[in-house]
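This is input04.txt (compact mmCIF, N, CA and C atoms).
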# COMPACT_ATOMS: atom_id res chain seq x y z
N MET A 11 0.83 -1.18 0.00
CA MET A 11 0.00 0.00 0.00
C MET A 11 0.88 1.24 0.00
N VAL A 12 0.34 2.29 -0.61
CA VAL A 12 1.04 3.56 -0.66
C VAL A 12 0.19 4.60 0.06
N ALA A 13 0.80 5.32 0.96
CA ALA A 13 0.08 6.34 1.73
C ALA A 13 -0.10 7.59 0.89
N PRO A 14 -1.19 8.33 1.11
CA PRO A 14 -1.36 9.60 0.39
C PRO A 14 -0.32 10.61 0.87
N ILE A 15 -0.07 11.59 0.03
CA ILE A 15 0.86 12.66 0.37
C ILE A 15 0.03 13.88 0.73
N LEU A 16 0.18 14.38 1.93
CA LEU A 16 -0.59 15.51 2.40
C LEU A 16 0.35 16.61 2.84
N ARG A 17 0.10 17.83 2.37
CA ARG A 17 0.90 18.99 2.76
C ARG A 17 -0.03 20.01 3.40
N HIS A 18 0.35 20.51 4.57
CA HIS A 18 -0.36 21.60 5.22
C HIS A 18 0.42 22.89 4.95
N VAL A 19 -0.28 23.99 4.81
CA VAL A 19 0.38 25.27 4.53
C VAL A 19 1.48 25.54 5.55
N SER A 20 1.25 25.21 6.79
CA SER A 20 2.25 25.48 7.84
C SER A 20 3.55 24.70 7.63
N GLU A 21 3.52 23.66 6.82
CA GLU A 21 4.72 22.84 6.55
C GLU A 21 5.48 23.26 5.30
N LEU A 22 4.91 24.17 4.53
CA LEU A 22 5.49 24.52 3.24
C LEU A 22 6.57 25.58 3.36
N SER A 23 7.55 25.49 2.47
CA SER A 23 8.59 26.51 2.37
C SER A 23 8.88 26.73 0.89
N SER A 24 9.57 27.81 0.60
CA SER A 24 9.86 28.14 -0.80
C SER A 24 11.36 28.05 -1.07
N PHE A 25 11.69 27.99 -2.35
CA PHE A 25 13.09 27.99 -2.76
C PHE A 25 13.19 28.66 -4.13
N GLN A 26 14.37 29.13 -4.45
CA GLN A 26 14.66 29.66 -5.78
C GLN A 26 15.47 28.62 -6.51
N LEU A 27 15.13 28.41 -7.78
CA LEU A 27 15.86 27.40 -8.56
C LEU A 27 17.30 27.81 -8.83
N ARG A 28 17.55 29.12 -8.85
CA ARG A 28 18.91 29.60 -9.04
C ARG A 28 19.09 30.91 -8.28
N ASP A 29 20.31 31.22 -7.91
CA ASP A 29 20.60 32.46 -7.20
C ASP A 29 20.16 33.65 -8.04
N GLY A 30 19.55 34.64 -7.39
CA GLY A 30 19.13 35.85 -8.08
C GLY A 30 17.82 35.74 -8.82
N ALA A 31 17.15 34.60 -8.76
CA ALA A 31 15.88 34.42 -9.47
C ALA A 31 14.83 35.37 -8.90
N THR A 32 13.90 35.81 -9.76
CA THR A 32 12.81 36.69 -9.34
C THR A 32 11.50 35.92 -9.23
N ASN A 33 11.60 34.62 -9.22
CA ASN A 33 10.46 33.76 -8.95
C ASN A 33 10.92 32.70 -7.94
N LYS A 34 9.95 32.19 -7.19
CA LYS A 34 10.27 31.14 -6.22
C LYS A 34 9.25 30.04 -6.36
N MET A 35 9.62 28.88 -5.88
CA MET A 35 8.79 27.69 -5.99
C MET A 35 8.47 27.16 -4.59
N VAL A 36 7.28 26.57 -4.48
CA VAL A 36 6.87 25.86 -3.28
C VAL A 36 6.54 24.45 -3.73
N SER A 37 7.30 23.48 -3.29
CA SER A 37 7.12 22.10 -3.72
C SER A 37 5.92 21.46 -3.03
N LEU A 38 4.95 21.02 -3.83
CA LEU A 38 3.80 20.31 -3.31
C LEU A 38 3.92 18.81 -3.57
N LEU A 39 4.56 18.45 -4.66
CA LEU A 39 4.85 17.05 -5.01
C LEU A 39 6.19 17.04 -5.72
N ALA A 40 7.15 16.32 -5.17
CA ALA A 40 8.51 16.33 -5.71
C ALA A 40 8.97 14.91 -6.00
N PRO A 41 9.42 14.65 -7.23
CA PRO A 41 9.90 13.31 -7.55
C PRO A 41 10.99 12.81 -6.62
N GLY A 42 11.96 13.66 -6.29
CA GLY A 42 13.05 13.24 -5.42
C GLY A 42 12.60 12.89 -4.01
N GLN A 43 11.60 13.60 -3.51
CA GLN A 43 11.14 13.37 -2.14
C GLN A 43 9.98 12.39 -2.08
N ASP A 44 9.11 12.43 -3.06
CA ASP A 44 7.86 11.68 -2.99
C ASP A 44 7.81 10.48 -3.94
N GLY A 45 8.84 10.30 -4.75
CA GLY A 45 8.89 9.17 -5.65
C GLY A 45 7.95 9.27 -6.84
N ALA A 46 7.38 10.44 -7.09
CA ALA A 46 6.46 10.63 -8.21
C ALA A 46 7.23 10.95 -9.48
N ALA A 47 6.60 10.73 -10.62
CA ALA A 47 7.21 11.10 -11.90
C ALA A 47 6.88 12.54 -12.26
N THR A 48 5.86 13.08 -11.65
CA THR A 48 5.37 14.43 -11.92
C THR A 48 5.70 15.32 -10.73
N SER A 49 5.97 16.61 -11.02
CA SER A 49 6.13 17.56 -9.92
C SER A 49 4.98 18.55 -9.97
N ILE A 50 4.55 18.99 -8.79
CA ILE A 50 3.54 20.03 -8.67
C ILE A 50 4.11 21.07 -7.72
N ASN A 51 4.12 22.32 -8.17
CA ASN A 51 4.67 23.42 -7.39
C ASN A 51 3.72 24.60 -7.42
N LEU A 52 3.78 25.41 -6.39
CA LEU A 52 3.22 26.75 -6.44
C LEU A 52 4.38 27.62 -6.87
N GLU A 53 4.21 28.35 -7.97
CA GLU A 53 5.26 29.24 -8.44
C GLU A 53 4.83 30.67 -8.18
N ILE A 54 5.72 31.45 -7.60
CA ILE A 54 5.43 32.82 -7.19
C ILE A 54 6.41 33.75 -7.89
N PHE A 55 5.86 34.69 -8.65
CA PHE A 55 6.67 35.66 -9.38
C PHE A 55 6.56 37.02 -8.70
N ASP A 56 7.69 37.59 -8.30
CA ASP A 56 7.69 38.94 -7.75
C ASP A 56 7.22 39.92 -8.83
N VAL A 57 6.88 41.14 -8.43
CA VAL A 57 6.58 42.19 -9.40
C VAL A 57 7.80 42.33 -10.31
N ASP A 58 7.56 42.36 -11.62
CA ASP A 58 8.61 42.38 -12.65
C ASP A 58 9.43 41.09 -12.70
N GLY A 59 8.99 40.05 -11.98
CA GLY A 59 9.71 38.78 -11.97
C GLY A 59 9.45 37.97 -13.22
N ARG A 60 10.36 37.06 -13.50
CA ARG A 60 10.22 36.20 -14.67
C ARG A 60 11.13 34.99 -14.55
N GLN A 61 10.80 33.98 -15.30
CA GLN A 61 11.67 32.82 -15.43
C GLN A 61 12.73 33.14 -16.48
N ASN A 62 13.82 32.42 -16.45
CA ASN A 62 14.74 32.42 -17.58
C ASN A 62 14.11 31.56 -18.68
N PRO A 63 14.37 31.85 -19.96
CA PRO A 63 13.89 30.94 -21.00
C PRO A 63 14.39 29.53 -20.71
N ASN A 64 13.50 28.55 -20.83
CA ASN A 64 13.86 27.17 -20.52
C ASN A 64 13.05 26.23 -21.39
N ARG A 65 13.46 24.97 -21.39
CA ARG A 65 12.72 23.94 -22.13
C ARG A 65 12.86 22.61 -21.42
N HIS A 66 11.88 21.77 -21.65
CA HIS A 66 11.85 20.42 -21.10
C HIS A 66 11.61 19.49 -22.28
N PRO A 67 12.66 18.87 -22.81
CA PRO A 67 12.53 18.09 -24.04
C PRO A 67 11.44 17.02 -24.02
N ASP A 68 11.24 16.38 -22.88
CA ASP A 68 10.27 15.29 -22.81
C ASP A 68 9.12 15.55 -21.85
N SER A 69 8.93 16.82 -21.46
CA SER A 69 7.93 17.12 -20.43
C SER A 69 7.06 18.30 -20.84
N ALA A 70 5.75 18.11 -20.78
CA ALA A 70 4.82 19.24 -20.91
C ALA A 70 4.74 19.93 -19.56
N GLU A 71 4.49 21.24 -19.58
CA GLU A 71 4.36 21.99 -18.35
C GLU A 71 3.02 22.72 -18.37
N ALA A 72 2.26 22.58 -17.29
CA ALA A 72 0.94 23.20 -17.20
C ALA A 72 0.92 24.19 -16.05
N PHE A 73 0.23 25.31 -16.25
CA PHE A 73 0.09 26.36 -15.25
C PHE A 73 -1.39 26.65 -15.05
N TYR A 74 -1.81 26.77 -13.79
CA TYR A 74 -3.12 27.30 -13.46
C TYR A 74 -2.86 28.55 -12.62
N PHE A 75 -3.25 29.71 -13.14
CA PHE A 75 -2.93 30.98 -12.49
C PHE A 75 -3.97 31.30 -11.42
N LEU A 76 -3.49 31.50 -10.20
CA LEU A 76 -4.35 31.75 -9.05
C LEU A 76 -4.58 33.23 -8.81
N ARG A 77 -3.57 34.05 -9.08
CA ARG A 77 -3.69 35.48 -8.81
C ARG A 77 -2.67 36.24 -9.65
N GLY A 78 -3.05 37.43 -10.10
CA GLY A 78 -2.13 38.31 -10.81
C GLY A 78 -2.30 38.26 -12.31
N THR A 79 -1.41 38.98 -13.00
CA THR A 79 -1.39 39.03 -14.46
C THR A 79 0.03 38.87 -14.95
N GLY A 80 0.16 38.32 -16.13
CA GLY A 80 1.49 38.11 -16.68
C GLY A 80 1.44 37.88 -18.17
N ARG A 81 2.54 37.40 -18.68
CA ARG A 81 2.66 37.09 -20.10
C ARG A 81 3.44 35.78 -20.22
N ALA A 82 2.93 34.88 -21.05
CA ALA A 82 3.60 33.61 -21.32
C ALA A 82 4.20 33.67 -22.72
N HIS A 83 5.44 33.26 -22.82
CA HIS A 83 6.16 33.23 -24.09
C HIS A 83 6.50 31.78 -24.40
N CYS A 84 6.20 31.37 -25.63
CA CYS A 84 6.44 29.97 -26.03
C CYS A 84 6.79 29.92 -27.51
N ASP A 85 8.03 29.55 -27.81
CA ASP A 85 8.49 29.41 -29.19
C ASP A 85 8.11 30.60 -30.07
N GLY A 86 8.34 31.80 -29.55
CA GLY A 86 8.12 33.01 -30.33
C GLY A 86 6.71 33.57 -30.27
N THR A 87 5.80 32.89 -29.61
CA THR A 87 4.43 33.38 -29.44
C THR A 87 4.26 33.84 -28.00
N SER A 88 3.58 34.99 -27.81
CA SER A 88 3.32 35.51 -26.47
C SER A 88 1.82 35.68 -26.27
N VAL A 89 1.35 35.31 -25.08
CA VAL A 89 -0.06 35.48 -24.75
C VAL A 89 -0.17 36.04 -23.33
N PRO A 90 -1.18 36.91 -23.10
CA PRO A 90 -1.39 37.39 -21.73
C PRO A 90 -2.02 36.28 -20.90
N VAL A 91 -1.70 36.26 -19.61
CA VAL A 91 -2.29 35.30 -18.68
C VAL A 91 -2.75 36.06 -17.44
N ARG A 92 -3.77 35.51 -16.79
CA ARG A 92 -4.30 36.13 -15.57
C ARG A 92 -4.93 35.06 -14.70
N ALA A 93 -5.30 35.45 -13.49
CA ALA A 93 -5.94 34.52 -12.56
C ALA A 93 -7.12 33.84 -13.24
N GLY A 94 -7.20 32.52 -13.09
CA GLY A 94 -8.27 31.72 -13.68
C GLY A 94 -7.89 31.08 -15.00
N ASP A 95 -6.77 31.51 -15.60
CA ASP A 95 -6.33 30.92 -16.88
C ASP A 95 -5.57 29.63 -16.63
N PHE A 96 -5.70 28.71 -17.58
CA PHE A 96 -4.96 27.45 -17.58
C PHE A 96 -4.11 27.44 -18.84
N LEU A 97 -2.83 27.19 -18.71
CA LEU A 97 -1.88 27.26 -19.81
C LEU A 97 -1.09 25.96 -19.87
N VAL A 98 -0.93 25.41 -21.08
CA VAL A 98 -0.10 24.23 -21.27
C VAL A 98 1.00 24.58 -22.26
N LEU A 99 2.24 24.33 -21.87
CA LEU A 99 3.40 24.54 -22.73
C LEU A 99 3.88 23.17 -23.19
N PRO A 100 3.88 22.92 -24.50
CA PRO A 100 4.22 21.59 -25.01
C PRO A 100 5.66 21.18 -24.70
N ALA A 101 5.86 19.89 -24.59
CA ALA A 101 7.21 19.35 -24.40
C ALA A 101 8.11 19.85 -25.51
N GLY A 102 9.33 20.23 -25.15
CA GLY A 102 10.31 20.67 -26.13
C GLY A 102 10.24 22.15 -26.47
N SER A 103 9.20 22.85 -26.06
CA SER A 103 9.08 24.27 -26.39
C SER A 103 10.04 25.10 -25.53
N VAL A 104 10.56 26.19 -26.10
CA VAL A 104 11.34 27.15 -25.34
C VAL A 104 10.34 28.17 -24.81
N HIS A 105 10.32 28.35 -23.51
CA HIS A 105 9.27 29.17 -22.92
C HIS A 105 9.74 29.88 -21.66
N PHE A 106 8.96 30.89 -21.27
CA PHE A 106 9.12 31.53 -19.97
C PHE A 106 7.86 32.32 -19.66
N ILE A 107 7.64 32.56 -18.38
CA ILE A 107 6.52 33.34 -17.87
C ILE A 107 7.09 34.59 -17.22
N GLU A 108 6.41 35.72 -17.41
CA GLU A 108 6.82 36.94 -16.72
C GLU A 108 5.61 37.60 -16.08
N ASN A 109 5.86 38.24 -14.96
CA ASN A 109 4.82 38.98 -14.24
C ASN A 109 4.77 40.38 -14.82
N THR A 110 3.61 40.78 -15.36
CA THR A 110 3.44 42.12 -15.91
C THR A 110 2.55 42.99 -15.03
N GLY A 111 2.11 42.47 -13.90
CA GLY A 111 1.18 43.18 -13.04
C GLY A 111 1.87 44.00 -11.97
N THR A 112 1.05 44.56 -11.10
CA THR A 112 1.54 45.42 -10.01
C THR A 112 1.59 44.69 -8.67
N SER A 113 1.28 43.39 -8.69
CA SER A 113 1.39 42.55 -7.49
C SER A 113 1.98 41.22 -7.92
N ARG A 114 2.24 40.35 -6.97
CA ARG A 114 2.81 39.04 -7.31
C ARG A 114 1.88 38.25 -8.21
N LEU A 115 2.46 37.39 -9.03
CA LEU A 115 1.74 36.45 -9.89
C LEU A 115 1.93 35.07 -9.28
N TYR A 116 0.82 34.34 -9.08
CA TYR A 116 0.85 33.01 -8.47
C TYR A 116 0.29 31.99 -9.44
N ALA A 117 0.95 30.85 -9.58
CA ALA A 117 0.47 29.78 -10.45
C ALA A 117 0.79 28.42 -9.85
N LEU A 118 -0.16 27.50 -9.98
CA LEU A 118 0.13 26.09 -9.72
C LEU A 118 0.78 25.56 -10.99
N THR A 119 1.94 24.93 -10.84
CA THR A 119 2.73 24.49 -11.98
C THR A 119 2.93 22.98 -11.89
N THR A 120 2.61 22.29 -12.98
CA THR A 120 2.78 20.83 -13.02
C THR A 120 3.71 20.49 -14.17
N LEU A 121 4.73 19.71 -13.90
CA LEU A 121 5.67 19.26 -14.92
C LEU A 121 5.49 17.76 -15.08
N CYS A 122 5.04 17.34 -16.26
CA CYS A 122 4.72 15.93 -16.55
C CYS A 122 5.63 15.41 -17.65
N ALA A 123 6.49 14.57 -17.44
CA ALA A 123 7.12 14.07 -16.23
C ALA A 123 8.28 15.01 -15.89
N ASP A 124 8.54 15.15 -14.62
CA ASP A 124 9.59 16.06 -14.19
C ASP A 124 10.95 15.53 -14.63
N ASP A 125 11.69 16.39 -15.31
CA ASP A 125 13.02 16.03 -15.81
C ASP A 125 14.12 16.41 -14.82
N GLY A 126 13.73 16.79 -13.61
CA GLY A 126 14.70 17.19 -12.60
C GLY A 126 14.91 18.69 -12.52
N SER A 127 14.33 19.43 -13.46
CA SER A 127 14.58 20.87 -13.50
C SER A 127 13.86 21.64 -12.40
N HIS A 128 12.87 21.04 -11.76
CA HIS A 128 12.15 21.71 -10.68
C HIS A 128 12.57 21.19 -9.31
N ASP A 129 13.68 20.50 -9.25
CA ASP A 129 14.16 19.94 -7.98
C ASP A 129 14.82 21.03 -7.15
N GLY A 130 14.21 21.35 -6.03
CA GLY A 130 14.78 22.34 -5.13
C GLY A 130 15.31 21.75 -3.85
N SER A 131 15.48 20.43 -3.82
CA SER A 131 15.86 19.76 -2.58
C SER A 131 17.23 20.20 -2.06
N SER A 132 18.11 20.66 -2.94
CA SER A 132 19.44 21.09 -2.49
C SER A 132 19.54 22.61 -2.34
N ARG A 133 18.43 23.31 -2.58
CA ARG A 133 18.43 24.77 -2.49
C ARG A 133 18.01 25.23 -1.09
N PRO A 134 18.48 26.42 -0.66
CA PRO A 134 18.04 26.94 0.64
C PRO A 134 16.51 27.13 0.66
N GLN A 135 15.91 26.74 1.76
CA GLN A 135 14.46 26.85 1.92
C GLN A 135 14.14 28.06 2.79
N ARG A 136 13.06 28.76 2.45
CA ARG A 136 12.61 29.93 3.20
C ARG A 136 11.15 29.75 3.58
N ALA A 137 10.79 30.27 4.73
CA ALA A 137 9.39 30.23 5.15
C ALA A 137 8.55 31.07 4.20
N LEU A 138 7.29 30.67 4.02
CA LEU A 138 6.38 31.47 3.22
C LEU A 138 6.05 32.76 3.96
N ASP A 139 5.94 33.85 3.24
CA ASP A 139 5.58 35.10 3.90
C ASP A 139 4.06 35.20 3.99
N PRO A 140 3.53 36.17 4.75
CA PRO A 140 2.08 36.25 4.96
C PRO A 140 1.27 36.38 3.66
N GLU A 141 1.79 37.07 2.65
CA GLU A 141 1.07 37.20 1.39
C GLU A 141 0.92 35.84 0.70
N ASP A 142 1.99 35.05 0.70
CA ASP A 142 1.94 33.71 0.10
C ASP A 142 0.93 32.83 0.82
N VAL A 143 0.94 32.86 2.14
CA VAL A 143 0.01 32.06 2.93
C VAL A 143 -1.42 32.51 2.65
N ALA A 144 -1.64 33.83 2.52
CA ALA A 144 -2.99 34.35 2.25
C ALA A 144 -3.51 33.86 0.90
N VAL A 145 -2.66 33.80 -0.12
CA VAL A 145 -3.09 33.30 -1.43
C VAL A 145 -3.47 31.83 -1.34
N LEU A 146 -2.68 31.04 -0.64
CA LEU A 146 -3.01 29.62 -0.47
C LEU A 146 -4.29 29.46 0.33
N ASP A 147 -4.48 30.28 1.34
CA ASP A 147 -5.69 30.22 2.15
C ASP A 147 -6.91 30.61 1.32
N ALA A 148 -6.78 31.62 0.46
CA ALA A 148 -7.88 32.03 -0.40
C ALA A 148 -8.25 30.91 -1.38
N ALA A 149 -7.26 30.18 -1.88
CA ALA A 149 -7.53 29.06 -2.79
C ALA A 149 -8.34 27.98 -2.10
N ARG A 150 -8.12 27.84 -0.81
CA ARG A 150 -8.87 26.85 -0.04
C ARG A 150 -10.35 27.19 0.02
N HIS A 151 -10.66 28.48 -0.10
CA HIS A 151 -12.04 28.94 0.01
C HIS A 151 -12.69 29.20 -1.36
N MET A 152 -12.03 28.78 -2.44
CA MET A 152 -12.60 28.98 -3.77
C MET A 152 -13.87 28.15 -3.91
N PRO A 153 -14.90 28.72 -4.55
CA PRO A 153 -16.13 27.94 -4.73
C PRO A 153 -15.87 26.74 -5.66
N VAL A 154 -16.52 25.66 -5.36
CA VAL A 154 -16.41 24.44 -6.16
C VAL A 154 -17.78 24.14 -6.74
N ALA A 155 -17.84 23.91 -8.05
CA ALA A 155 -19.12 23.61 -8.71
C ALA A 155 -19.61 22.24 -8.29
N SER A 156 -20.90 22.11 -8.15
CA SER A 156 -21.48 20.80 -7.82
C SER A 156 -21.58 19.97 -9.10
N ALA A 157 -21.85 18.71 -8.97
CA ALA A 157 -21.86 17.78 -10.10
C ALA A 157 -22.86 18.20 -11.18
N GLY A 158 -23.93 18.88 -10.82
CA GLY A 158 -24.95 19.26 -11.80
C GLY A 158 -24.67 20.56 -12.52
N GLU A 159 -23.60 21.25 -12.18
CA GLU A 159 -23.33 22.56 -12.79
C GLU A 159 -22.41 22.45 -13.96
Translate the structure of the given file into structure tokens.
Amino acid sequence: MVAPILRHVSELSSFQLRDGATNKMVSLLAPGQDGAATSINLEIFDVDGRQNPNRHPDSAEAFYFLRGTGRAHCDGTSVPVRAGDFLVLPAGSVHFIENTGTSRLYALTTLCADDGSHDGSSRPQRALDPEDVAVLDAARHMPVASAGE
């Protein structure tokens, strides 16, 4: 039997994938720690923050934006993104996300299958600040449609 993986907000911490990054990650499911093939992270972009252009040759990456506004760039195409949008970046695409808003941009990020690029296990961990906790708490209170809707 395999036990479920449960994370409480009070147990979560963030990390930067590289020094000087203007985005941080909160690991919710990590292949190295949890034995999964997929990673799920909360990604937080500071104002004017962005990822470096990157690609995952064998992995699609999906984003569900919880709060804020930004722009997604993928193989020369750019699209605006905002809270409530769902974005899929195909495997092998060169892509990056940038925050174009006046507050932080928050997204749930899933990498299927994780190629190791979202592994923060060796990076310094930091406690979530009150704004990050508030966004996660607000997500907990999001309305859920019933089966008939």
Worksheet entry | A:Leu97, A:Ala13, A:Ala46, A:Leu52 ranked by distance to Leu118 in chain A, top pick (using only C-alpha atoms) |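 For Leu118 in chain A, the nearest of the candidates is A:Leu52.
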Worksheet item: Which is closest to Ala47 in chain A among A:Ile107, A:Leu138, A:Val143, A:Cys122, if we use only N, CA and C atoms?
Response: A:Cys122
Discussion item. Show me, as a PyMOL selection string, the residues that have an atom within 8 Å of Val19 in chain A when counting all atoms listed in the file, minus same-chain residues fewer than 3 positions from it.
Written reply: chain A and resi 16+22-23+138+143+146-147
As AutoDock Vina command-line options, please report the centre and edge lengths, rounded to one decimal in Å, of the axis-aligned box that holds all listed atoms of range 103-106 of chain A with 8 Å of padding on each of the six sides.
--center_x 9.6 --center_y 27.6 --center_z -23.0 --size_x 19.5 --size_y 25.5 --size_z 22.7
Item to complete: Kindly give the distance, in Å, that separates atom N of Gln135 in chain A and CA of Asn33 in chain A, rounded to a single decimal.
Response: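 Here the two named atoms are 13.9 Å from each other.
Between CA of Ala149 in chain A and atom C of Ile15 in chain A there is a distance of 17.3 Å.
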Worksheet item: Interatomic distance between atom N of Ser49 in chain A and atom N of Ala123 in chain A?
Response: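 These atoms are spaced 6.8 Å apart.
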Worksheet entry | Nearby residues (only C-alpha atoms) at most 10 Å from Glu53 in chain A, same-chain spacing under 5 positions excluded, as a count of residues only | 18
Kindly reconstruct range 68-84 of chain A with N, CA, C and O atoms and present the result as a CSV table (one decimal), in the frame of the given file.
chain,number,residue,atom,x,y,z
A,68,ASP,N,11.2,16.4,-22.9
A,68,ASP,CA,10.3,15.3,-22.8
A,68,ASP,C,9.1,15.6,-21.8
A,68,ASP,O,8.4,14.6,-21.5
A,69,SER,N,8.9,16.8,-21.5
A,69,SER,CA,7.9,17.1,-20.4
A,69,SER,C,7.1,18.3,-20.8
A,69,SER,O,7.6,19.4,-21.2
A,70,ALA,N,5.8,18.1,-20.8
A,70,ALA,CA,4.8,19.2,-20.9
A,70,ALA,C,4.7,19.9,-19.6
A,70,ALA,O,4.9,19.3,-18.5
A,71,GLU,N,4.5,21.2,-19.6
A,71,GLU,CA,4.4,22.0,-18.4
A,71,GLU,C,3.0,22.7,-18.4
A,71,GLU,O,2.7,23.4,-19.4
A,72,ALA,N,2.3,22.6,-17.3
A,72,ALA,CA,0.9,23.2,-17.2
A,72,ALA,C,0.9,24.2,-16.0
A,72,ALA,O,1.5,23.9,-15.0
A,73,PHE,N,0.2,25.3,-16.2
A,73,PHE,CA,0.1,26.4,-15.2
A,73,PHE,C,-1.4,26.6,-15.0
A,73,PHE,O,-2.1,26.8,-16.0
A,74,TYR,N,-1.8,26.8,-13.8
A,74,TYR,CA,-3.1,27.3,-13.5
A,74,TYR,C,-2.9,28.6,-12.6
A,74,TYR,O,-2.3,28.5,-11.5
A,75,PHE,N,-3.2,29.7,-13.1
A,75,PHE,CA,-2.9,31.0,-12.5
A,75,PHE,C,-4.0,31.3,-11.4
A,75,PHE,O,-5.2,31.4,-11.7
A,76,LEU,N,-3.5,31.5,-10.2
A,76,LEU,CA,-4.4,31.8,-9.0
A,76,LEU,C,-4.6,33.2,-8.8
A,76,LEU,O,-5.7,33.6,-8.4
A,77,ARG,N,-3.6,34.0,-9.1
A,77,ARG,CA,-3.7,35.5,-8.8
A,77,ARG,C,-2.7,36.2,-9.6
A,77,ARG,O,-1.6,35.8,-9.9
A,78,GLY,N,-3.0,37.4,-10.1
A,78,GLY,CA,-2.1,38.3,-10.8
A,78,GLY,C,-2.3,38.3,-12.3
A,78,GLY,O,-3.2,37.6,-12.8
A,79,THR,N,-1.4,39.0,-13.0
A,79,THR,CA,-1.4,39.0,-14.5
A,79,THR,C,0.0,38.9,-15.0
A,79,THR,O,1.0,39.2,-14.3
A,80,GLY,N,0.2,38.3,-16.1
A,80,GLY,CA,1.5,38.1,-16.7
A,80,GLY,C,1.4,37.9,-18.2
A,80,GLY,O,0.4,38.1,-18.8
A,81,ARG,N,2.5,37.4,-18.7
A,81,ARG,CA,2.7,37.1,-20.1
A,81,ARG,C,3.4,35.8,-20.2
A,81,ARG,O,4.5,35.6,-19.5
A,82,ALA,N,2.9,34.9,-21.0
A,82,ALA,CA,3.6,33.6,-21.3
A,82,ALA,C,4.2,33.7,-22.7
A,82,ALA,O,3.5,34.1,-23.7
A,83,HIS,N,5.4,33.3,-22.8
A,83,HIS,CA,6.2,33.2,-24.1
A,83,HIS,C,6.5,31.8,-24.4
A,83,HIS,O,7.0,31.1,-23.6
A,84,CYS,N,6.2,31.4,-25.6
A,84,CYS,CA,6.4,30.0,-26.0
A,84,CYS,C,6.8,29.9,-27.5
A,84,CYS,O,5.9,30.3,-28.4
